[in-house]
Amino acid sequence: MVAVLTTALAWWAASFLAHLVLWKARLPRRHTRALLWIFGAGLAAGLLSLAAAPSLYAGAGIPVPATPVGRLHAALLFASLTLAYVTTYSAVEVDSPSLVMTKMIAGAGPAGLSRGELDAALTDEVLVAPRVRDLVRDRLAALEGGRYRATRKGLRVAALFRFYRRVLGVSEPGG
């Protein structure tokens, strides 16, 4: 079990380091896609290096899974860590409305922030526009003739979320 954990963490740490280096060199236009490519390449490189040169791991003091099932478990753990990171990365990328409000209230100090000040600061430009720009950037929506329309990819993602909400028994927003 330790070998599965250390192997997956080594692959993930190497992928994360590559992500940081690439982000410093040039920030990609489509962050989520780039992260999936980087971490996917990290998984492929990890699996290939484990098959081709397991002595690299021994030299670094990293125990490796001895069986194919152990390697599969390491790959699944790596994939789980990656998907969790990609999901939470969006919270770092653009502040959530709750985070924006919390930062504003905390920034007001002991005097606090009046409801009017909060309402005046929380405009669509602050809360909505960044998310709409992200949808267009990630090609989930397109601006055509002054109107936003879901792309094929956007419709697939929306269907996935509708299915997920239905499975969880969560009602549709506004429904």
# chains A, B, ... in the order shown; residues from 1 in each chain; ligands from 1

$ residues_around --residues "Tyr85 (chain A)" --least-positions-apart "6" --cutoff "10 Å" --atoms "only C-alpha atoms" --output "VMD selection string"
chain A and resid 16 35 79

$ select_by_dssp --residues "chain A" --states "helix (DSSP H, G or I)" --output "MDAnalysis selection string"
chainID A and resid 2:25 31:52 55:59 68:93 97:107 109:111 115:121 124:127 129:137 152:168

$ residues_around --residues "Gly46 (chain A)" --least-positions-apart "4" --cutoff "8 Å" --atoms "only C-alpha atoms" --output "PyMOL selection string"
chain A and resi 11+42+50

$ write_last_selection --atoms "N, CA and C atoms" --output "JSON list (two decimals), in the first residue's frame"
[["chain", "number", "residue", "atom", "x", "y", "z"],
["A", 11, "TRP", "N", 4.54, 10.72, -9.00],
["A", 11, "TRP", "CA", 4.06, 11.10, -10.34],
["A", 11, "TRP", "C", 3.33, 12.43, -10.27],
["A", 42, "GLY", "N", 1.98, 13.35, -17.45],
["A", 42, "GLY", "CA", 2.68, 12.91, -16.25],
["A", 42, "GLY", "C", 2.36, 11.47, -15.90],
["A", 50, "LEU", "N", 8.15, 3.53, -14.98],
["A", 50, "LEU", "CA", 8.05, 2.40, -14.07],
["A", 50, "LEU", "C", 8.31, 1.08, -14.80]]

$ residues_around --residues "Leu127 (chain A)" --least-positions-apart "5" --cutoff "12 Å" --atoms "only C-alpha atoms" --output "PyMOL selection string"
chain A and resi 94-101+119+121-122+132-133

$ atom_distance --atom1 "CA of Ser90 (chain A)" --atom2 "CA of Arg166 (chain A)"
23.7 Å

$ select_by_dssp --residues "chain A" --states "strand (DSSP E)" --output "ChimeraX atom specification"
/A:141-144,147-150

$ atom_distance --atom1 "CA of Leu160 (chain A)" --atom2 "CA of Asp138 (chain A)"
16.3 Å
